[in-house]
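S.K.: Starting off with a structure, shown below.
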Amino acid sequence: MVTERITRRTRRRTTTSPASRYLVGGVNSPVRAFRHVQAEPLQLVGGQGAVVRDTAGRRYVDFIMGWGTLLLGHRPPAVVRALSRAMERDILLGLTHPAETELAQLICEAVPSVERVRFTVSGTEACMTAVRLARAATGRSKILTFDGCYHGHGDSLMAGTTAGIPEAWLADTLRVPFNDPRALDTTLRREGERLACVMIEPIPANTGVLVPEAGFLQRLRALTQEYGILLVFDEVVTGFRVGPGGAQGRYGIRPDLTTFGKIIGGGLPIGALGGSASLMQRLAPDGDVYHGGTFAGHPLSMAAGIATLRALRVAPPYARLERLTQRLADGLAKAAARHGGASSCNWAGSMVTVFFSGRPVRDAAAAQASDRARFAQWANALRAQGVLVPPSPFEALFLSTTHTEAHVERLVRASHAAWSKV
Ligand SMILES: *Cc1c(COP(=O)(O)O)cnc(C)c1O
């Protein structure tokens, strides 16, 4: 979870790695810092399929997978080919390129609530733009998000969870617990008419995986409609991962706006915002809400994204991935039970989190209450056995189409060995 990444506890330990001579903390994103597991940042130099290699030549089965980006694994041949073909034409053109329309069409055809797309360079930027658009479209300034959901590092969306945001803004960002319809009802009764949008990760992956309870997202859709609030699904992780239509396809819910990122760029920087034509046309140049970018719709990101979404359309991997993920979740739970460790395992689609906690984890508070020291021992023991999981108890493990039963068995076996030490 993002707030956890920046508390004193995680800040205290400064790195001694050579990288920290030139990079803050030796990294460019705090999730890469390994402070939750009391280790130096791991530097990787290469990857293929489900396996990555570090600077010392050690190999690991990777369950980080670009934080959910690499659904087709590292260096999928179709993406590598598409990139080299695109580079023969140019690297950056600076005007519009036909590939932008093609990727937008692939997204619109898979996700019915999306009629128009605007590409950005990151998921952060897509979420910031969604908030601006929602504020303009409703004439309201407040927004509501959920504890533990992460929507990138834009000011409005991070208000209250990082230093450096004006005090006056704090009152405009409201938060309620995930999976708590009563807190949602109460807050909307009080503030509903002042809210521009509610933004949610429909299946949160940024406090570890949380699974929405029956009826929760439906209730959210009904309430936002009642109060004239725009519902924004942040599908930066779930888009094209939990099914071709994302979480909204899975749960049969039509949000007003959707943000994408990660998978749709095939490993290159990307984000996207989509929604109905009428709403999206508030964006410049059709409308009065500004968004633009030198690299928005970058030809290489488009090429990698098109190759990825085409591959997913031609051979949908979702049923197989889900079986494999269930097998992993069962294996991890059994390993824990066998060795007497209290744990609970949340999974959805092709993402899993093991929480070292004796009770079910249905919200961020429960995730935060899990045993972090045991997590660190477990993650470090896995790494010593050549299995790489996210170095934080508040992240998801991701599977790709290149993960096999053997990879999953390897993690389960390593986990048996690790649990016995924890
Ligand atoms: C990664 C992520 C973002 C931010 O995307 P970036 O490309 O890292 O800026 C936004 N929302 C969710 C749900 C994410 O997981």
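Chains: A, B, ... in order of the structure tokens. Residues: from 1 per chain. Ligands: from 1, in order shown.
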Got a sec: who's within 10 Å of A:Val361, counting only C-alpha atoms, leaving out chain neighbours fewer than 4 positions off, as a list of chain:residue names?
M.R.: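 Listing them by chain and then by number gives A:Gly208, A:Val209, A:Leu210, A:Val211, A:Ser343, A:Ser344, A:Cys345, A:Asn346, A:Val354, A:Phe355, A:Phe356, A:Ser357, A:Ala365, A:Ala366, A:Ala367, A:Gln368, A:Ala369, A:Ser370.
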S.K.: Could you list, as number ranges by chain, all protein and nucleic acid residues with an atom at most 9 Å from ligand 1, counting only C-alpha atoms and all ligand atoms?
M.R.: A: 67-69, 121-127, 149-154, 200-206, 234-238, 259-262, 269-271
S.K.: For A:Ser301, which residue out of A:Trp347, A:Trp378, A:Phe119, A:Tyr318 is the nearest one, using only C-alpha atoms?
M.R.: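 Of all the options, A:Phe119 lies closest to A:Ser301.
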S.K.: One decimal, in Å: what's the spacing between atom CA of A:Gly66 and atom CA of A:Pro18?
M.R.: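 Interatomic distance, atom CA of A:Gly66 to atom CA of A:Pro18: 23.1 Å.
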S.K.: Just checking: using only C-alpha atoms, which residue out of A:Leu106, A:Ala417, A:Val24, A:Ala19 ends up closest to A:Leu42?
M.R.: A:Ala19
S.K.: Just list the residues in stretch 188-241 of chain A DSSP gives strand (DSSP E) on the backbone, as a PyMOL selection string.
M.R.: chain A and resi 195-200+230-234
